[in-house]
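Trainee: Structure supplied as protein14.cif; contents: mmCIF, C-alpha atoms.
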data_protein
#
loop_
_atom_site.label_atom_id
_atom_site.label_comp_id
_atom_site.auth_asym_id
_atom_site.auth_seq_id
_atom_site.Cartn_x
_atom_site.Cartn_y
_atom_site.Cartn_z
CA MET E 1 171.98 136.19 74.72
CA ALA E 2 174.40 138.48 76.48
CA PHE E 3 173.63 139.91 79.86
CA ALA E 4 175.50 142.61 81.67
CA ARG E 5 176.77 141.24 84.94
CA SER E 6 174.65 142.76 87.65
CA GLU E 7 176.05 143.36 91.09
CA ARG E 8 173.67 140.95 92.74
CA PRO E 9 173.61 137.49 91.26
CA ARG E 10 170.24 136.71 89.81
CA LEU E 11 168.43 133.71 91.15
CA PRO E 12 166.64 131.50 88.67
CA THR E 13 162.87 131.37 88.97
CA ALA E 14 161.71 128.06 90.43
CA ILE E 15 158.64 126.39 88.98
CA LYS E 16 157.02 123.25 90.26
CA ILE E 17 154.98 120.54 88.66
CA LEU E 18 153.29 117.83 90.70
CA ILE E 19 153.36 114.19 89.70
CA ALA E 20 150.33 112.49 91.24
CA GLY E 21 148.66 109.11 90.98
CA GLY E 22 148.08 105.99 92.98
CA PHE E 23 150.70 103.93 94.78
CA GLY E 24 152.93 102.16 92.27
CA ALA E 25 151.66 104.17 89.30
CA GLY E 26 155.23 105.26 88.50
CA LYS E 27 155.48 108.71 90.07
CA THR E 28 159.06 108.42 91.28
CA THR E 29 159.98 106.57 88.06
CA MET E 30 158.80 109.52 85.99
CA VAL E 31 160.57 112.03 88.26
CA GLY E 32 163.80 110.05 87.82
CA ALA E 33 163.37 109.63 84.07
CA VAL E 34 163.38 113.35 83.24
CA SER E 35 165.35 114.85 86.12
CA GLU E 36 169.03 115.71 85.92
CA THR E 37 169.83 113.77 89.08
CA ARG E 38 168.44 110.66 90.68
CA PRO E 39 165.23 111.41 92.59
CA LEU E 40 165.93 113.25 95.84
CA ARG E 41 163.91 112.96 99.00
CA THR E 42 162.88 115.70 101.38
CA GLU E 43 160.97 115.44 104.61
CA GLU E 44 158.56 117.87 106.11
CA VAL E 45 157.89 117.60 109.81
CA LEU E 46 154.38 118.90 110.24
CA THR E 47 152.63 119.95 113.38
CA ASP E 48 148.92 120.57 113.77
CA ARG E 49 149.74 124.21 113.01
CA SER E 50 150.68 123.18 109.49
CA ILE E 51 147.53 121.13 109.19
CA GLY E 52 145.29 124.14 109.65
CA VAL E 53 142.65 125.40 112.01
CA ASP E 54 139.57 124.35 110.11
CA ASP E 55 140.78 120.81 109.79
CA ILE E 56 141.27 118.76 112.92
CA SER E 57 143.24 120.99 115.27
CA SER E 58 140.20 121.66 117.41
CA VAL E 59 139.72 118.03 118.26
CA GLU E 60 143.24 116.67 118.41
CA ALA E 61 146.17 117.47 120.61
CA LYS E 62 149.34 118.86 119.10
CA ARG E 63 151.17 116.21 117.21
CA THR E 64 153.74 115.92 114.49
CA THR E 65 153.80 113.92 111.29
CA THR E 66 156.70 113.37 108.96
CA VAL E 67 155.90 113.30 105.27
CA ALA E 68 158.52 112.27 102.73
CA MET E 69 158.41 113.53 99.17
CA ASP E 70 160.47 112.47 96.20
CA PHE E 71 161.43 115.18 93.79
CA GLY E 72 163.74 115.99 90.91
CA ARG E 73 165.21 119.04 89.23
CA ILE E 74 165.44 120.13 85.60
CA THR E 75 167.53 123.25 84.96
CA LEU E 76 166.06 125.19 82.04
CA GLY E 77 168.73 127.63 80.91
CA ASN E 78 169.84 130.38 83.28
CA ASP E 79 166.46 131.74 84.18
CA TYR E 80 164.26 128.82 85.21
CA VAL E 81 164.52 125.68 87.29
CA LEU E 82 161.72 123.17 87.13
CA TYR E 83 161.04 120.93 90.14
CA LEU E 84 158.95 117.80 89.85
CA PHE E 85 157.37 116.65 93.10
CA GLY E 86 155.86 113.23 93.56
CA THR E 87 152.81 113.72 95.77
CA PRO E 88 152.68 111.79 99.04
CA GLY E 89 150.45 108.78 98.61
CA GLN E 90 148.20 108.68 101.62
CA GLU E 91 145.08 110.78 101.58
CA ARG E 92 145.67 111.93 105.13
CA PHE E 93 148.42 114.08 103.65
CA TRP E 94 146.05 116.30 101.66
CA PHE E 95 147.37 119.31 103.53
CA VAL E 96 150.81 118.61 102.08
CA TRP E 97 149.23 118.55 98.63
CA ASP E 98 147.83 122.00 99.34
CA GLU E 99 151.30 123.36 99.98
CA LEU E 100 152.66 121.64 96.90
CA ALA E 101 149.79 122.69 94.65
CA GLU E 102 149.99 126.32 95.76
CA GLY E 103 151.78 128.25 93.05
CA SER E 104 152.38 125.17 90.91
CA LEU E 105 152.29 125.19 87.13
CA GLY E 106 150.10 122.11 87.15
CA ALA E 107 149.97 118.38 87.73
CA VAL E 108 150.45 115.15 85.87
CA ILE E 109 148.18 112.37 87.09
CA LEU E 110 149.70 109.02 86.30
CA ALA E 111 147.10 106.35 85.68
CA ASP E 112 147.76 102.64 85.93
CA THR E 113 145.08 100.86 83.91
CA ARG E 114 145.26 97.87 86.27
CA ARG E 115 144.11 100.15 89.09
CA LEU E 116 142.38 103.00 87.39
CA ALA E 117 140.30 103.86 90.44
CA ASP E 118 143.50 104.79 92.30
CA CYS E 119 143.69 108.08 90.46
CA PHE E 120 140.13 109.18 91.22
CA PRO E 121 141.18 111.08 94.37
CA SER E 122 143.86 112.98 92.42
CA VAL E 123 141.44 113.90 89.63
CA ASP E 124 138.89 115.10 92.19
CA TYR E 125 141.50 117.04 94.10
CA PHE E 126 142.91 118.99 91.16
CA GLU E 127 139.47 119.60 89.63
CA ARG E 128 138.22 121.01 92.91
CA ARG E 129 141.30 123.13 93.37
CA GLY E 130 141.33 124.43 89.80
CA THR E 131 144.91 123.27 89.24
CA PRO E 132 145.60 122.52 85.55
CA PHE E 133 146.31 118.82 85.05
CA VAL E 134 146.74 116.17 82.40
CA VAL E 135 146.27 112.42 82.72
CA ALA E 136 149.11 110.19 81.52
CA VAL E 137 148.30 106.51 81.17
CA ASN E 138 151.47 104.68 82.14
CA CYS E 139 151.82 101.68 79.82
CA PHE E 140 153.35 98.93 81.88
CA ASP E 141 154.39 95.69 80.28
CA GLY E 142 151.44 93.37 80.33
CA SER E 143 148.98 95.98 81.55
CA PRO E 144 145.56 95.87 79.90
CA THR E 145 145.48 98.00 76.78
CA PHE E 146 142.68 100.51 76.80
CA GLN E 147 141.78 103.13 74.29
CA LEU E 148 142.34 106.59 75.69
CA ASP E 149 138.63 107.31 75.13
CA GLU E 150 137.75 104.43 77.43
CA VAL E 151 140.04 105.76 80.16
CA ARG E 152 138.58 109.24 79.71
CA LEU E 153 135.11 107.80 80.10
CA ALA E 154 136.05 105.74 83.14
CA LEU E 155 137.59 108.78 84.84
CA GLN E 156 134.72 111.04 83.74
CA LEU E 157 137.25 113.53 82.45
CA ASP E 158 136.12 116.76 80.89
CA PRO E 159 136.85 116.71 77.11
CA SER E 160 139.15 119.71 77.56
CA ILE E 161 141.57 117.78 79.76
CA PRO E 162 144.41 116.19 77.79
CA ILE E 163 144.97 112.47 78.19
CA VAL E 164 148.05 110.76 76.76
CA MET E 165 149.81 107.41 76.79
CA CYS E 166 153.31 107.31 78.24
CA ASP E 167 156.11 105.11 79.44
CA ALA E 168 157.22 106.71 82.70
CA ARG E 169 160.59 104.91 82.48
CA LYS E 170 161.48 106.73 79.28
CA ARG E 171 162.91 110.22 79.29
CA ASP E 172 161.45 111.27 75.93
CA SER E 173 158.01 109.94 76.77
CA SER E 174 157.95 111.63 80.19
CA ARG E 175 159.19 114.85 78.65
CA GLU E 176 156.32 114.79 76.14
CA VAL E 177 153.87 114.46 79.02
CA LEU E 178 155.37 117.54 80.69
CA ILE E 179 155.18 119.47 77.41
CA THR E 180 151.49 118.52 77.10
CA LEU E 181 150.89 119.82 80.62
CA VAL E 182 152.76 123.10 80.09
CA LYS E 183 150.78 123.80 76.89
CA HIS E 184 147.51 122.94 78.63
CA SER E 185 148.31 125.17 81.59
CA ALA E 186 149.31 128.02 79.27
CA ARG E 187 146.02 127.66 77.38
CA LEU E 188 144.08 127.93 80.62
CA ARG E 189 146.04 130.65 82.28
CA ALA E 190 147.83 132.67 79.63
CA GLU E 191 147.40 132.60 75.86
CA PRO E 192 147.90 129.77 73.34
CA VAL E 193 151.46 128.54 72.86
CA GLY E 194 152.10 126.74 69.61
CA SER E 195 149.74 123.96 68.66
CA MET O 1 178.07 123.51 125.82
CA ARG O 2 180.15 125.02 123.07
CA GLY O 3 183.11 125.37 125.42
CA ASP O 4 185.74 128.06 125.18
CA GLU O 5 186.36 127.62 121.49
CA PRO O 6 183.38 128.73 119.49
CA THR O 7 185.62 128.83 116.41
CA GLU O 8 185.83 125.05 116.40
CA GLU O 9 183.47 123.93 113.66
CA ASN O 10 183.25 120.30 114.46
CA TRP O 11 182.47 120.56 118.12
CA VAL O 12 180.15 117.63 117.77
CA ASP O 13 179.40 115.28 114.92
CA PRO O 14 176.63 116.96 112.89
CA GLU O 15 175.09 113.59 112.18
CA ILE O 16 174.02 113.17 115.77
CA ILE O 17 172.51 116.60 116.21
CA ARG O 18 168.79 116.38 116.13
CA PRO O 19 167.06 118.95 113.93
CA TYR O 20 165.66 120.97 116.81
CA VAL O 21 169.09 121.22 118.36
CA VAL O 22 170.47 122.49 115.07
CA THR O 23 167.97 125.32 115.14
CA ARG O 24 168.17 125.74 118.94
CA GLY O 25 164.53 124.93 119.21
CA ARG O 26 163.33 127.41 116.62
CA THR O 27 160.71 126.19 114.19
CA GLN O 28 160.14 129.38 112.21
CA PRO O 29 162.77 131.49 110.47
CA ALA O 30 163.27 134.98 111.89
CA HIS O 31 162.14 136.63 108.67
CA GLY O 32 160.12 135.57 105.71
CA ARG O 33 158.91 132.12 105.10
CA PHE O 34 160.67 130.04 102.52
CA ASP O 35 158.72 127.37 100.72
CA LEU O 36 160.12 124.15 99.29
CA ILE O 37 161.19 125.73 96.02
CA SER O 38 162.53 129.03 97.34
CA MET O 39 165.96 129.38 95.75
CA ALA O 40 169.08 130.38 97.66
CA LEU O 41 172.53 131.40 96.48
CA ALA O 42 175.59 132.12 98.60
CA VAL O 43 176.77 135.70 98.16
CA GLY O 44 179.83 137.64 99.23
CA PRO O 45 183.08 136.27 100.59
CA PRO O 46 182.92 133.11 102.70
CA PRO O 47 182.48 133.96 106.39
CA GLY O 48 185.47 133.66 108.65
CA PRO O 49 185.67 131.35 111.66
CA ASP O 50 184.64 134.21 113.96
CA ALA O 51 181.26 134.57 112.27
CA GLY O 52 179.68 132.29 114.86
CA LEU O 53 178.07 129.99 112.34
CA ASP O 54 177.23 126.36 112.97
CA PRO O 55 178.48 123.52 110.76
CA GLU O 56 175.06 123.26 109.11
CA HIS O 57 175.15 126.92 108.15
CA LEU O 58 178.54 126.37 106.53
CA ARG O 59 177.36 123.29 104.71
CA ILE O 60 174.41 125.24 103.30
CA LEU O 61 176.74 128.01 102.11
CA GLN O 62 178.96 125.45 100.44
CA LEU O 63 175.98 123.79 98.74
CA CYS O 64 174.57 127.13 97.60
CA ARG O 65 177.54 128.16 95.52
CA GLU O 66 175.11 127.24 92.76
CA PRO O 67 171.43 128.14 93.19
CA LYS O 68 169.62 125.49 95.25
CA SER O 69 166.08 125.17 96.52
CA VAL O 70 165.08 124.56 100.13
CA ALA O 71 164.02 121.05 99.11
CA GLU O 72 167.43 120.28 97.59
CA ILE O 73 169.34 121.65 100.58
CA ALA O 74 167.17 119.52 102.87
CA ALA O 75 167.74 116.41 100.76
CA TYR O 76 171.52 116.81 100.48
CA LEU O 77 171.97 117.69 104.16
CA ASP O 78 169.48 115.07 105.32
CA LEU O 79 167.59 117.60 107.44
CA PRO O 80 163.85 118.29 107.52
CA ALA O 81 162.82 121.13 105.22
CA GLY O 82 161.58 123.15 108.22
CA THR O 83 165.03 123.05 109.79
CA VAL O 84 166.61 124.25 106.57
CA ARG O 85 164.15 127.17 106.43
CA VAL O 86 165.30 128.34 109.85
CA LEU O 87 169.01 128.03 109.03
CA LEU O 88 168.50 129.74 105.70
CA GLY O 89 166.74 132.57 107.53
CA ASP O 90 169.86 133.05 109.68
CA LEU O 91 172.07 133.24 106.60
CA PHE O 92 169.63 135.56 104.84
CA ASP O 93 169.66 137.94 107.83
CA ARG O 94 173.45 138.05 107.74
CA GLU O 95 173.34 138.72 104.01
CA LEU O 96 175.33 135.59 103.31
CA VAL O 97 172.71 134.24 100.95
CA SER O 98 170.48 135.80 98.40
CA ALA O 99 167.10 134.10 98.60
CA GLN O 100 163.65 134.38 97.15
CA GLU O 101 160.68 135.06 99.31
CA PRO O 102 158.03 132.44 98.58
CA ARG O 103 155.45 133.02 95.90
CA SER O 104 157.05 136.26 94.89
CA GLU O 105 158.42 135.26 91.56
CA VAL O 106 156.27 133.10 89.36
CA ASP O 107 153.42 134.73 87.52
CA MET O 108 151.26 131.89 86.24
CA HIS O 109 149.73 134.19 83.63
CA ASP O 110 153.08 135.14 82.14
CA ILE O 111 153.23 133.79 78.61
CA LYS O 112 157.01 134.31 78.53
CA MET O 113 157.42 131.85 81.40
CA TYR O 114 155.46 129.15 79.55
CA ARG O 115 157.47 129.71 76.37
CA ALA O 116 160.75 129.48 78.27
CA VAL O 117 159.70 126.26 80.00
CA LEU O 118 158.53 124.72 76.71
CA ASP O 119 161.75 125.70 74.96
CA GLY O 120 163.77 124.28 77.81
CA LEU O 121 161.89 120.99 77.85
CA ARG O 122 162.14 120.61 74.06
CA SER O 123 165.88 121.04 74.15
CA LEU O 124 166.44 118.44 76.87
#
Step by step, read the file and then write its structure as structure tokens.
Mentor:
Amino acid sequence: MAFARSERPRLPTAIKILIAGGFGAGKTTMVGAVSETRPLRTEEVLTDRSIGVDDISSVEAKRTTTVAMDFGRITLGNDYVLYLFGTPGQERFWFVWDELAEGSLGAVILADTRRLADCFPSVDYFERRGTPFVVAVNCFDGSPTFQLDEVRLALQLDPSIPIVMCDARKRDSSREVLITLVKHSARLRAEPVGS
Amino acid sequence: MRGDEPTEENWVDPEIIRPYVVTRGRTQPAHGRFDLISMALAVGPPPGPDAGLDPEHLRILQLCREPKSVAEIAAYLDLPAGTVRVLLGDLFDRELVSAQEPRSEVDMHDIKMYRAVLDGLRSL
């Protein structure tokens, strides 16, 4: 494609996808596997103003919290840049999830079959929020092998929500998970893309 | 104190400046509100030494010769994202960077966006 050079340089459109799941489920591993650089880390210093008025600000004095997030970048041609954000683990950081989830394309919830219950909060969160998500069962060496149907049942997932096996260490496998999510999100929010 | 030579860039080691000193106590940018994935790109000729910019401003301009997000700038400069938002606001006001306002760009119902992302991922 040939573009006429415009006077003002065009900025690529940034898109974000969240990588959620319990501690040790492989979030940062997946971010690193598909990103063009090693995972980067950014810190948000949050005050009670960031936390919100209907939360706890009425009962607690002003305070600050630092939340670190790992993320990676995938440049998609000239027009789009995709950012993958690993969600902060502790549940007291839900308000950070809100900022991350706002305007996101969707979320991948990484499930570790050794600690399946760890991804319940993420499933609940994205269901409640209406954020498109897929569940990716990270197949660790020596982890119990479950059928995907069993995991779906255990997580009480709606049949419409895709669930796939993956190896978060592998680029191709992680990429397939992202493709599954993008298709799912497109089905929900736009019109069908491919099969 | 900046002394009599405001043109001196390295008046103090940037590593020891705490974030709130970098922004002179400001926690919100003067205009707009950049989110973590707001993209910024340096525009125009590099500012001269009399532009009154701090070392962090100059480092951001250097980094943003290619489009970078607030999150990336924060990570590479080892500053909190909130600090970067303020500094980016300064540069935006001086028209030294082109930057996106948050949530202005992505239409999550735009089928073209999904196709482009899928194509991009498939060709990785």
Trainee: What's the 9 Å shell around E:Thr180, counting only C-alpha atoms, without same-chain residues fewer than 5 positions away, as a list in words?
Mentor: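 Contacts, with the query itself left out: Val134, Pro162, Ile163, Val164, Arg175 and Ser185 of chain E.
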Trainee: Would you be able to write out as a PyMOL selection string which residues have an atom within 7 Å of (176.7, 133.8, 98.8) in the file's coordinates, counting all atoms listed in the file?
Mentor: chain O and resi 41-44+61+65+96-98
Trainee: Once the PyMOL selection byres ((chain E) within 7 of (chain O)) has been evaluated on this model, what residues remain selected, and can you format them as a count of residues only?
Mentor: 20
Trainee: Can you tell me how far atom CA of E:Phe120 sits from atom CA of E:Thr66, in Å to one decimal?
Mentor: 24.6 Å
Trainee: Using only C-alpha atoms, list the residues that have an atom at most 12 Å from (135.5, 106.1, 86.8), coordinates as in the file, as a VMD selection string.
Mentor: chain E and resid 111 113 115 to 121 123 to 124 150 to 157
Trainee: Write the residues of the preceding selection, restricted to C-alpha atoms, as a compact mmCIF listing (two decimals), keeping the file's coordinate frame.
Mentor:
# COMPACT_ATOMS: atom_id res chain seq x y z
CA ALA E 111 147.10 106.35 85.68
CA THR E 113 145.08 100.86 83.91
CA ARG E 115 144.11 100.15 89.09
CA LEU E 116 142.38 103.00 87.39
CA ALA E 117 140.30 103.86 90.44
CA ASP E 118 143.50 104.79 92.30
CA CYS E 119 143.69 108.08 90.46
CA PHE E 120 140.13 109.18 91.22
CA PRO E 121 141.18 111.08 94.37
CA VAL E 123 141.44 113.90 89.63
CA ASP E 124 138.89 115.10 92.19
CA GLU E 150 137.75 104.43 77.43
CA VAL E 151 140.04 105.76 80.16
CA ARG E 152 138.58 109.24 79.71
CA LEU E 153 135.11 107.80 80.10
CA ALA E 154 136.05 105.74 83.14
CA LEU E 155 137.59 108.78 84.84
CA GLN E 156 134.72 111.04 83.74
CA LEU E 157 137.25 113.53 82.45
Trainee: Atom CA of E:Asp167 to atom CA of E:Val67: how many Å, to one decimal?
Mentor: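 Taking atom CA of E:Asp167 and atom CA of E:Val67, their separation equals 27.1 Å.
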Trainee: So how many Å separate atom CA of E:Ala68 and atom CA of E:Leu18, to one decimal?
Mentor: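 Interatomic distance here is 14.2 Å.
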Trainee: Which of these, E:Phe93, E:Pro88, E:Lys16, E:Gly26, has the shortest distance to E:Arg73 once you count only C-alpha atoms?
Mentor: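 Smallest distance to E:Arg73 is found for E:Lys16.
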Trainee: Need the shell around E:Tyr125: protein/DNA/RNA residues with any atom at most 12 Å away, counting all atoms listed in the file. Skip same-chain ones fewer than 3 positions apart. Format as a compact mmCIF listing (two decimals) with C-alpha atoms, in the frame of the given file?
Mentor:
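File written: out34.txt
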# COMPACT_ATOMS: atom_id res chain seq x y z
CA ALA E 20 150.33 112.49 91.24
CA GLY E 21 148.66 109.11 90.98
CA THR E 87 152.81 113.72 95.77
CA GLU E 91 145.08 110.78 101.58
CA TRP E 94 146.05 116.30 101.66
CA PHE E 95 147.37 119.31 103.53
CA TRP E 97 149.23 118.55 98.63
CA ASP E 98 147.83 122.00 99.34
CA ALA E 101 149.79 122.69 94.65
CA ALA E 107 149.97 118.38 87.73
CA ILE E 109 148.18 112.37 87.09
CA CYS E 119 143.69 108.08 90.46
CA PHE E 120 140.13 109.18 91.22
CA PRO E 121 141.18 111.08 94.37
CA SER E 122 143.86 112.98 92.42
CA ARG E 128 138.22 121.01 92.91
CA ARG E 129 141.30 123.13 93.37
CA GLY E 130 141.33 124.43 89.80
CA THR E 131 144.91 123.27 89.24
CA PRO E 132 145.60 122.52 85.55
CA PHE E 133 146.31 118.82 85.05
